[in-house]
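To be precise, the following lines are input.txt, and they hold compact mmCIF, C-alpha atoms (C1' of nucleotides).
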```
# COMPACT_ATOMS: atom_id res chain seq x y z
CA MET A 1496 -54.55 35.05 282.40
CA GLU A 1497 -58.03 33.72 283.02
CA ASN A 1498 -58.68 37.08 284.66
CA ILE A 1499 -57.53 38.98 281.64
CA THR A 1500 -59.79 36.96 279.42
CA ASN A 1501 -62.72 37.57 281.76
CA GLU A 1502 -62.07 41.28 281.87
CA GLU A 1503 -61.77 41.38 278.14
CA ALA A 1504 -65.08 39.55 277.83
CA LEU A 1505 -66.70 41.89 280.35
CA HIS A 1506 -65.52 44.96 278.47
CA GLU A 1507 -66.66 43.56 275.15
CA ALA A 1508 -70.06 42.89 276.71
CA ARG A 1509 -70.19 46.47 277.99
CA ILE A 1510 -69.38 47.80 274.56
CA LYS A 1511 -72.10 45.68 272.97
CA THR A 1512 -74.71 46.82 275.49
CA ALA A 1513 -73.63 50.43 275.20
CA LEU A 1514 -73.78 50.35 271.41
CA ALA A 1515 -77.16 48.66 271.48
CA ASN A 1516 -78.57 51.44 273.68
CA MET A 1517 -76.73 54.22 271.88
CA PRO A 1518 -79.02 56.91 270.44
CA ASP A 1519 -78.54 57.51 266.73
CA GLU A 1520 -76.25 60.25 265.40
CA GLU A 1521 -79.06 62.72 264.99
CA LYS A 1522 -80.30 62.27 268.53
CA ILE A 1523 -76.79 62.66 269.90
CA ALA A 1524 -76.36 65.85 267.89
CA GLU A 1525 -79.61 67.20 269.32
CA ILE A 1526 -78.61 66.44 272.90
CA GLY A 1527 -75.26 68.09 272.21
CA ALA A 1528 -76.96 71.14 270.74
CA ARG A 1529 -78.96 71.54 273.95
CA PHE A 1530 -75.85 71.40 276.09
CA LYS A 1531 -74.01 73.74 273.76
CA THR A 1532 -76.80 76.26 274.04
CA LEU A 1533 -76.42 76.17 277.81
CA SER A 1534 -72.64 76.47 277.65
CA GLU A 1535 -72.15 80.12 276.78
CA PRO A 1536 -71.85 82.43 279.81
CA SER A 1537 -73.86 85.15 278.09
CA ARG A 1538 -76.73 82.73 277.53
CA LEU A 1539 -76.44 81.26 281.02
CA LYS A 1540 -76.79 84.74 282.48
CA ILE A 1541 -79.93 85.36 280.47
CA LEU A 1542 -81.32 82.06 281.64
CA LEU A 1543 -80.52 82.73 285.27
CA VAL A 1544 -82.31 86.04 285.01
CA LEU A 1545 -85.32 84.43 283.32
CA ALA A 1546 -85.44 81.81 286.07
CA GLY A 1547 -87.12 84.54 288.14
CA GLY A 1548 -89.95 84.99 285.66
CA GLU A 1549 -90.63 86.36 282.19
CA LEU A 1550 -89.01 89.59 281.05
CA CYS A 1551 -88.91 91.70 277.91
CA VAL A 1552 -85.75 92.12 275.87
CA ASP A 1553 -84.66 95.51 277.15
CA HIS A 1554 -85.04 94.38 280.75
CA ILE A 1555 -82.91 91.36 279.94
CA CYS A 1556 -80.29 93.65 278.40
CA GLU A 1557 -80.32 95.78 281.50
CA ALA A 1558 -80.04 92.77 283.80
CA VAL A 1559 -77.17 91.05 282.01
CA GLY A 1560 -75.39 94.22 280.92
CA ALA A 1561 -75.15 93.39 277.22
CA ASN A 1562 -76.32 95.29 274.18
CA GLN A 1563 -79.63 94.68 272.49
CA SER A 1564 -78.31 93.03 269.36
CA ALA A 1565 -76.20 90.49 271.21
CA VAL A 1566 -79.09 89.65 273.53
CA SER A 1567 -81.52 89.22 270.64
CA HIS A 1568 -79.11 86.91 268.85
CA GLN A 1569 -78.68 84.83 271.99
CA LEU A 1570 -82.42 84.75 272.62
CA LYS A 1571 -82.90 83.40 269.12
CA THR A 1572 -80.41 80.63 269.80
CA LEU A 1573 -82.07 79.86 273.13
CA LYS A 1574 -85.49 79.78 271.50
CA ASP A 1575 -84.41 77.68 268.51
CA ASN A 1576 -83.14 75.13 271.01
CA LYS A 1577 -86.33 75.20 273.07
CA ILE A 1578 -84.57 76.57 276.12
CA VAL A 1579 -86.80 79.65 276.29
CA LYS A 1580 -90.17 80.58 274.82
CA SER A 1581 -91.62 83.97 274.00
CA ARG A 1582 -94.94 85.75 273.64
CA ARG A 1583 -95.73 89.18 272.34
CA ASP A 1584 -97.42 91.76 274.56
CA GLY A 1585 -97.96 94.97 272.62
CA LYS A 1586 -94.65 96.41 271.56
CA LYS A 1587 -92.75 94.12 273.91
CA VAL A 1588 -91.79 90.50 273.50
CA LEU A 1589 -91.67 88.61 276.78
CA TYR A 1590 -89.29 85.70 277.21
CA SER A 1591 -89.41 82.93 279.79
CA VAL A 1592 -87.81 79.55 280.49
CA ALA A 1593 -89.34 76.90 278.22
CA ASP A 1594 -89.84 74.21 280.83
CA GLY A 1595 -88.74 72.74 284.12
CA HIS A 1596 -86.08 70.44 282.67
CA ILE A 1597 -83.87 73.43 282.00
CA LEU A 1598 -83.90 74.58 285.61
CA ILE A 1599 -83.27 71.01 286.78
CA MET A 1600 -80.21 70.77 284.52
CA LEU A 1601 -78.90 74.06 285.86
CA GLU A 1602 -79.41 72.86 289.40
CA VAL A 1603 -77.72 69.51 288.79
CA ALA A 1604 -74.79 71.26 287.12
CA ARG A 1605 -74.36 73.48 290.17
CA GLU A 1606 -74.50 70.47 292.48
CA HIS A 1607 -71.89 68.74 290.35
CA LEU A 1608 -69.64 71.78 290.67
CA ASN A 1609 -70.04 71.84 294.44
CA CYS A 1610 -69.04 68.19 294.66
CA HIS A 1611 -65.81 68.81 292.80
CA GLU A 1612 -64.53 72.08 294.16
CA MET B 447 -101.81 102.63 282.79
CA GLU B 448 -101.86 101.46 286.37
CA ASN B 449 -101.31 97.97 284.96
CA ILE B 450 -98.29 99.02 283.00
CA THR B 451 -96.76 100.58 286.07
CA ASN B 452 -97.41 97.45 288.08
CA GLU B 453 -95.89 95.24 285.43
CA GLU B 454 -92.90 97.49 285.23
CA ALA B 455 -92.49 97.29 288.99
CA LEU B 456 -92.89 93.52 288.94
CA HIS B 457 -90.24 93.15 286.26
CA GLU B 458 -87.86 95.45 288.08
CA ALA B 459 -88.38 93.37 291.22
CA ARG B 460 -87.64 90.20 289.25
CA ILE B 461 -84.44 91.69 287.92
CA LYS B 462 -83.34 92.70 291.39
CA THR B 463 -84.02 89.26 292.83
CA ALA B 464 -82.35 87.55 289.89
CA LEU B 465 -79.25 89.71 290.15
CA ALA B 466 -79.08 89.18 293.91
CA ASN B 467 -79.10 85.39 293.41
CA MET B 468 -76.85 85.46 290.35
CA PRO B 469 -73.66 83.40 290.75
CA ASP B 470 -70.48 85.38 290.13
CA GLU B 471 -68.79 85.48 286.73
CA GLU B 472 -66.34 82.72 287.61
CA LYS B 473 -69.07 80.36 288.77
CA ILE B 474 -71.09 81.01 285.63
CA ALA B 475 -68.03 80.30 283.50
CA GLU B 476 -67.51 77.00 285.33
CA ILE B 477 -71.10 75.92 284.85
CA GLY B 478 -70.79 76.85 281.18
CA ALA B 479 -67.57 74.88 280.85
CA ARG B 480 -69.36 71.78 282.15
CA PHE B 481 -72.14 72.15 279.64
CA LYS B 482 -69.69 72.85 276.85
CA THR B 483 -67.82 69.68 277.67
CA LEU B 484 -71.06 67.75 277.30
CA SER B 485 -71.97 69.49 274.05
CA GLU B 486 -69.65 67.84 271.57
CA PRO B 487 -71.11 64.72 269.88
CA SER B 488 -67.75 62.95 269.98
CA ARG B 489 -67.57 63.45 273.75
CA LEU B 490 -71.21 62.56 274.26
CA LYS B 491 -70.64 59.26 272.49
CA ILE B 492 -67.71 58.47 274.73
CA LEU B 493 -69.82 59.31 277.75
CA LEU B 494 -72.74 57.17 276.61
CA VAL B 495 -70.36 54.26 276.16
CA LEU B 496 -68.82 54.80 279.59
CA ALA B 497 -72.29 54.91 281.13
CA GLY B 498 -72.16 51.11 280.86
CA GLY B 499 -69.01 50.85 282.97
CA GLU B 500 -65.30 51.59 282.83
CA LEU B 501 -63.33 50.91 279.66
CA CYS B 502 -59.77 51.37 278.45
CA VAL B 503 -58.89 53.79 275.67
CA ASP B 504 -58.67 51.36 272.80
CA HIS B 505 -62.03 49.86 273.66
CA ILE B 506 -63.49 53.35 273.70
CA CYS B 507 -61.94 54.01 270.29
CA GLU B 508 -63.46 50.80 268.99
CA ALA B 509 -66.88 51.62 270.46
CA VAL B 510 -67.13 55.18 269.16
CA GLY B 511 -65.28 54.59 265.90
CA ALA B 512 -62.72 57.35 266.29
CA ASN B 513 -58.93 57.28 266.22
CA GLN B 514 -56.80 57.02 269.31
CA SER B 515 -55.42 60.53 269.28
CA ALA B 516 -58.80 62.19 268.98
CA VAL B 517 -60.22 60.02 271.76
CA SER B 518 -57.30 60.76 274.06
CA HIS B 519 -57.69 64.50 273.48
CA GLN B 520 -61.40 64.29 274.26
CA LEU B 521 -60.80 62.14 277.34
CA LYS B 522 -58.42 64.80 278.60
CA THR B 523 -61.10 67.45 278.17
CA LEU B 524 -63.67 65.24 279.88
CA LYS B 525 -61.29 64.55 282.75
CA ASP B 526 -60.20 68.19 283.16
CA ASN B 527 -63.86 69.05 283.55
CA LYS B 528 -64.51 66.26 286.06
CA ILE B 529 -66.89 64.47 283.75
CA VAL B 530 -64.87 61.27 283.76
CA LYS B 531 -62.16 59.83 286.00
CA SER B 532 -59.41 57.34 285.24
CA ARG B 533 -57.22 54.75 286.91
CA ARG B 534 -54.26 52.86 285.60
CA ASP B 535 -54.31 49.06 285.45
CA GLY B 536 -51.02 47.81 284.09
CA LYS B 537 -50.51 49.08 280.58
CA LYS B 538 -54.12 50.16 280.28
CA VAL B 539 -55.83 53.25 281.62
CA LEU B 540 -59.46 52.68 282.51
CA TYR B 541 -61.95 55.51 282.25
CA SER B 542 -65.35 55.81 283.90
CA VAL B 543 -68.04 58.42 284.54
CA ALA B 544 -66.97 60.71 287.38
CA ASP B 545 -70.23 60.75 289.30
CA GLY B 546 -73.99 60.36 289.14
CA HIS B 547 -74.75 64.01 288.35
CA ILE B 548 -73.45 63.49 284.83
CA LEU B 549 -75.83 60.66 284.09
CA ILE B 550 -78.71 62.62 285.61
CA MET B 551 -77.95 65.56 283.33
CA LEU B 552 -77.86 63.26 280.31
CA GLU B 553 -81.19 61.75 281.32
CA VAL B 554 -82.83 65.13 281.89
CA ALA B 555 -81.54 66.35 278.54
CA ARG B 556 -83.08 63.34 276.82
CA GLU B 557 -86.39 63.90 278.61
CA HIS B 558 -86.31 67.53 277.54
CA LEU B 559 -85.81 66.46 273.94
CA ASN B 560 -88.71 64.04 274.12
CA CYS B 561 -91.00 66.79 275.41
CA HIS B 562 -90.18 69.03 272.47
CA GLU B 563 -90.10 66.71 269.50
C1' DT C 218 -99.57 107.79 257.31
C1' DT C 219 -95.79 109.15 260.07
C1' DA C 220 -92.94 108.98 264.09
C1' DA C 221 -91.29 106.61 268.00
C1' DC C 222 -90.35 102.50 270.26
C1' DT C 223 -89.01 97.59 270.45
C1' DT C 224 -87.09 93.57 268.65
C1' DA C 225 -84.86 90.85 264.88
C1' DT C 226 -81.37 89.87 261.46
C1' DG C 227 -77.47 89.86 257.85
C1' DA C 228 -72.55 90.42 257.23
C1' DA C 229 -67.92 90.54 258.89
C1' DC C 230 -64.26 90.11 262.15
C1' DG C 231 -61.84 87.75 265.72
C1' DT C 232 -61.62 83.88 268.76
C1' DT C 233 -62.23 79.23 270.08
C1' DT C 234 -61.94 74.43 269.24
C1' DA C 235 -61.98 69.50 267.15
C1' DT C 236 -59.35 66.68 264.39
C1' DT C 237 -55.14 64.92 262.27
C1' DC C 238 -50.24 63.84 262.07
C1' DA C 239 -46.15 62.98 264.23
C1' DT C 240 -43.98 61.96 268.26
C1' DA C 241 -43.28 61.47 273.23
C1' DT C 242 -44.18 59.18 277.61
C1' DG C 243 -45.26 55.28 280.46
C1' DA C 244 -45.61 50.26 281.43
C1' DT C 245 -44.63 45.43 280.76
C1' DA C 246 -42.27 41.37 279.12
C1' DA C 247 -38.31 39.10 277.28
C1' DT D 507 -31.81 47.10 278.48
C1' DT D 508 -34.57 46.62 274.47
C1' DA D 509 -38.81 45.86 272.09
C1' DT D 510 -43.60 46.31 272.18
C1' DC D 511 -47.94 47.82 273.59
C1' DA D 512 -50.95 51.63 275.36
C1' DT D 513 -51.82 56.29 276.07
C1' DA D 514 -50.76 61.30 275.96
C1' DT D 515 -49.55 65.59 273.81
C1' DG D 516 -47.78 69.57 270.76
C1' DA D 517 -48.52 71.91 266.43
C1' DA D 518 -51.25 73.08 262.55
C1' DT D 519 -55.26 73.41 259.80
C1' DA D 520 -60.09 74.07 259.15
C1' DA D 521 -64.61 74.84 260.84
C1' DA D 522 -67.90 76.87 264.27
C1' DC D 523 -69.45 80.62 266.98
C1' DG D 524 -70.19 85.26 269.62
C1' DT D 525 -70.09 89.97 269.22
C1' DT D 526 -70.59 94.30 266.85
C1' DC D 527 -72.41 97.45 263.43
C1' DA D 528 -75.86 98.73 260.48
C1' DT D 529 -80.35 98.21 259.27
C1' DA D 530 -84.87 95.93 258.74
C1' DA D 531 -89.37 94.64 260.54
C1' DG D 532 -93.24 94.82 263.65
C1' DT D 533 -96.30 97.51 266.92
C1' DT D 534 -98.60 101.48 268.76
C1' DA D 535 -99.92 106.30 269.22
C1' DA D 536 -100.71 110.71 267.19
```
Show how you would write the structure in this file as C-alpha cells.
Amino acid sequence: MENITNEEALHEARIKTALANMPDEEKIAEIGARFKTLSEPSRLKILLVLAGGELCVDHICEAVGANQSAVSHQLKTLKDNKIVKSRRDGKKVLYSVADGHILIMLEVAREHLNCHE
Amino acid sequence: MENITNEEALHEARIKTALANMPDEEKIAEIGARFKTLSEPSRLKILLVLAGGELCVDHICEAVGANQSAVSHQLKTLKDNKIVKSRRDGKKVLYSVADGHILIMLEVAREHLNCHE
DNA sequence: TTAACTTATGAACGTTTATTCATATGATAA
DNA sequence: TTATCATATGAATAAACGTTCATAAGTTAA
C-alpha cells in the first residue's frame, strides 16, 4: 500500500519532469517532419547514394532506378527538410547530404536494427 | 572538356561504390519503418514522456492529453517497431524506451534542428 | 533566338495511416 | 464467480502522401 503510493508519487514526478522538459508542439512537429522525411524507402535510397558524395539528378535517377519526376519531387522534400542541399553547376544541379547529423542518424538507426534482429 | 569527363567518371565511381554498399530493399524498408514510427507527433510525445522513465498507459494518456484508445494503438506501433518495451505489473502495463539508440536519435534530430533554424 | 538538355512542378489517382467508437481481453478484489 | 479496473483491438472515416503524367522553367550551345 505504501509501495503503491510511492510508485504513484514517482510516476507523477516523472510526468511533471517530462512535461516541464517537453518541447512545444511546433518543435515536436518539426522533429517529426525530419523523421518522416527519412522514413520513405525511395528517399532513403537517394540519401544512401548521396552519402558517397554529391550527384546530379539524372545520376541519382540512374542509381536508385526511379524516374526523373519522382526523384525531383523527393529531392524537393529532402531539401525542404534540410536533409540535402543543392548547388547549380551549369545545366546540372548537384545534390549532397546537408550535414553530418543525417549520416549519424542513419548509422544509429542501422545499429538499432542490428540490436533487435 | 577533360574536366567534364573526369567529373563524369568520378560520379560514376560514386554511384558504383554507393550501390555496392547499399543495404537490400528489405533492410531499407526496416530502417524507414523505424523512422516512420518516430515521425508522428503523437508518438513522439509519448516517447518524450517515456524518456523520463517507465509509465503505465493511463499516466501516458494523462501526460500527452490523448484518449486511451489512441494511446494504446500508438503504443502497439511503437512496440512492434522496437521503440518501446512493456512489462505487466498487476493490472497495469508499464511502458519504457526500448534502448539507448532511440534517445540518441531523438537527441541528434534536435541538434540537427538547432543547426538549421 | 532557337533547339536541346536538365530539372522542377501542378493535378489527379491510389494507398497508407491516425483517430474515434464500440467492444473485447486480462487482472484483481470482494 | 462477479464486478471493476486497465489495456487492447477491430472497423470505419477522414486526412496525408508518393507516384505518374504532362508540362513549365532554367541553362547552354549553335
| task | Can you check which residues of chain A have any atom within 8 Å of chain D? Use all atoms listed in the file and format it as a PyMOL selection string. | result | chain A and resi 1565+1585-1586
With all Cα atoms paired residue by residue, do a least-squares superposition of chain A on chain B and hand back the transformed coordinates as a short mmCIF file (atom, residue, chain, number, x, y, z; two decimals) with C-alpha atoms, in the coordinates of the input.
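The resulting out.cif:
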```
data_model
loop_
_atom_site.label_atom_id
_atom_site.label_comp_id
_atom_site.auth_asym_id
_atom_site.auth_seq_id
_atom_site.Cartn_x
_atom_site.Cartn_y
_atom_site.Cartn_z
CA MET A 1496 -101.67 102.69 282.93
CA GLU A 1497 -101.73 101.52 286.52
CA ASN A 1498 -101.23 98.05 285.07
CA ILE A 1499 -98.21 99.10 283.12
CA THR A 1500 -96.67 100.62 286.20
CA ASN A 1501 -97.36 97.45 288.17
CA GLU A 1502 -95.85 95.26 285.50
CA GLU A 1503 -92.86 97.49 285.30
CA ALA A 1504 -92.45 97.27 289.07
CA LEU A 1505 -92.86 93.50 288.98
CA HIS A 1506 -90.21 93.13 286.30
CA GLU A 1507 -87.82 95.42 288.13
CA ALA A 1508 -88.35 93.31 291.25
CA ARG A 1509 -87.62 90.16 289.26
CA ILE A 1510 -84.43 91.66 287.93
CA LYS A 1511 -83.31 92.65 291.41
CA THR A 1512 -83.99 89.19 292.82
CA ALA A 1513 -82.34 87.50 289.86
CA LEU A 1514 -79.24 89.67 290.14
CA ALA A 1515 -79.06 89.11 293.87
CA ASN A 1516 -79.06 85.32 293.36
CA MET A 1517 -76.82 85.42 290.31
CA PRO A 1518 -73.62 83.38 290.67
CA ASP A 1519 -70.45 85.36 290.04
CA GLU A 1520 -68.75 85.43 286.63
CA GLU A 1521 -66.34 82.68 287.51
CA LYS A 1522 -69.06 80.34 288.68
CA ILE A 1523 -71.09 80.99 285.55
CA ALA A 1524 -68.03 80.26 283.42
CA GLU A 1525 -67.53 76.97 285.26
CA ILE A 1526 -71.13 75.89 284.78
CA GLY A 1527 -70.82 76.82 281.11
CA ALA A 1528 -67.60 74.84 280.78
CA ARG A 1529 -69.40 71.76 282.10
CA PHE A 1530 -72.19 72.12 279.58
CA LYS A 1531 -69.73 72.81 276.79
CA THR A 1532 -67.86 69.65 277.61
CA LEU A 1533 -71.10 67.71 277.25
CA SER A 1534 -72.01 69.43 273.99
CA GLU A 1535 -69.68 67.77 271.51
CA PRO A 1536 -71.13 64.65 269.85
CA SER A 1537 -67.77 62.88 269.97
CA ARG A 1538 -67.59 63.41 273.73
CA LEU A 1539 -71.24 62.50 274.24
CA LYS A 1540 -70.64 59.20 272.48
CA ILE A 1541 -67.71 58.43 274.75
CA LEU A 1542 -69.83 59.26 277.75
CA LEU A 1543 -72.72 57.11 276.61
CA VAL A 1544 -70.34 54.21 276.17
CA LEU A 1545 -68.79 54.79 279.61
CA ALA A 1546 -72.27 54.87 281.13
CA GLY A 1547 -72.11 51.07 280.88
CA GLY A 1548 -68.98 50.83 283.00
CA GLU A 1549 -65.27 51.61 282.86
CA LEU A 1550 -63.28 50.92 279.71
CA CYS A 1551 -59.72 51.40 278.50
CA VAL A 1552 -58.85 53.83 275.74
CA ASP A 1553 -58.59 51.39 272.86
CA HIS A 1554 -61.95 49.87 273.72
CA ILE A 1555 -63.43 53.35 273.74
CA CYS A 1556 -61.88 54.00 270.32
CA GLU A 1557 -63.37 50.80 269.03
CA ALA A 1558 -66.79 51.58 270.47
CA VAL A 1559 -67.07 55.14 269.17
CA GLY A 1560 -65.20 54.54 265.92
CA ALA A 1561 -62.66 57.34 266.31
CA ASN A 1562 -58.89 57.28 266.25
CA GLN A 1563 -56.77 57.05 269.36
CA SER A 1564 -55.43 60.59 269.32
CA ALA A 1565 -58.83 62.21 269.01
CA VAL A 1566 -60.23 60.02 271.78
CA SER A 1567 -57.31 60.80 274.10
CA HIS A 1568 -57.73 64.52 273.51
CA GLN A 1569 -61.44 64.28 274.27
CA LEU A 1570 -60.82 62.16 277.35
CA LYS A 1571 -58.47 64.84 278.62
CA THR A 1572 -61.15 67.47 278.16
CA LEU A 1573 -63.72 65.25 279.87
CA LYS A 1574 -61.35 64.59 282.76
CA ASP A 1575 -60.27 68.22 283.17
CA ASN A 1576 -63.95 69.07 283.53
CA LYS A 1577 -64.59 66.29 286.04
CA ILE A 1578 -66.97 64.48 283.72
CA VAL A 1579 -64.91 61.28 283.77
CA LYS A 1580 -62.20 59.89 286.02
CA SER A 1581 -59.43 57.43 285.28
CA ARG A 1582 -57.23 54.86 286.98
CA ARG A 1583 -54.26 52.97 285.68
CA ASP A 1584 -54.29 49.18 285.52
CA GLY A 1585 -50.98 47.92 284.16
CA LYS A 1586 -50.45 49.19 280.66
CA LYS A 1587 -54.08 50.26 280.36
CA VAL A 1588 -55.80 53.34 281.67
CA LEU A 1589 -59.43 52.75 282.57
CA TYR A 1590 -61.94 55.56 282.29
CA SER A 1591 -65.36 55.84 283.91
CA VAL A 1592 -68.07 58.43 284.53
CA ALA A 1593 -67.02 60.75 287.37
CA ASP A 1594 -70.30 60.77 289.25
CA GLY A 1595 -74.05 60.37 289.11
CA HIS A 1596 -74.81 64.00 288.30
CA ILE A 1597 -73.51 63.49 284.79
CA LEU A 1598 -75.89 60.64 284.05
CA ILE A 1599 -78.77 62.61 285.56
CA MET A 1600 -78.01 65.56 283.26
CA LEU A 1601 -77.91 63.25 280.26
CA GLU A 1602 -81.23 61.75 281.27
CA VAL A 1603 -82.88 65.12 281.83
CA ALA A 1604 -81.59 66.35 278.48
CA ARG A 1605 -83.14 63.34 276.76
CA GLU A 1606 -86.44 63.92 278.55
CA HIS A 1607 -86.36 67.55 277.47
CA LEU A 1608 -85.85 66.45 273.87
CA ASN A 1609 -88.78 64.04 274.06
CA CYS A 1610 -91.04 66.80 275.34
CA HIS A 1611 -90.24 69.03 272.39
CA GLU A 1612 -90.16 66.71 269.43
#
```
| request: Tell me the residues of chain C close to chain A, meaning within 10 Å using only C-alpha atoms (C1' of nucleotides), as a ChimeraX atom specification. | output: /C:222-226
| request: Identify every residue of chain B that has at least one atom within 6 Å of any atom of chain A, counting all atoms listed in the file, and report the result as an MDAnalysis selection string. | output: chainID B and resid 460 464 475 478 481:482 485:487 495 498 547 551 558
| said: So the first atom is CA of Ser542 in chain B and the second is CA of Leu521 in chain B; what is the distance between them in Å, to one decimal place? | reply: 10.2 Å
| Distance in Å - CA of Ala512 in chain B versus C1' of DT240 in chain C | 19.4 Å
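What separates CA of Asp526 in chain B from CA of Gln1569 in chain A is a distance of 27.3 Å.
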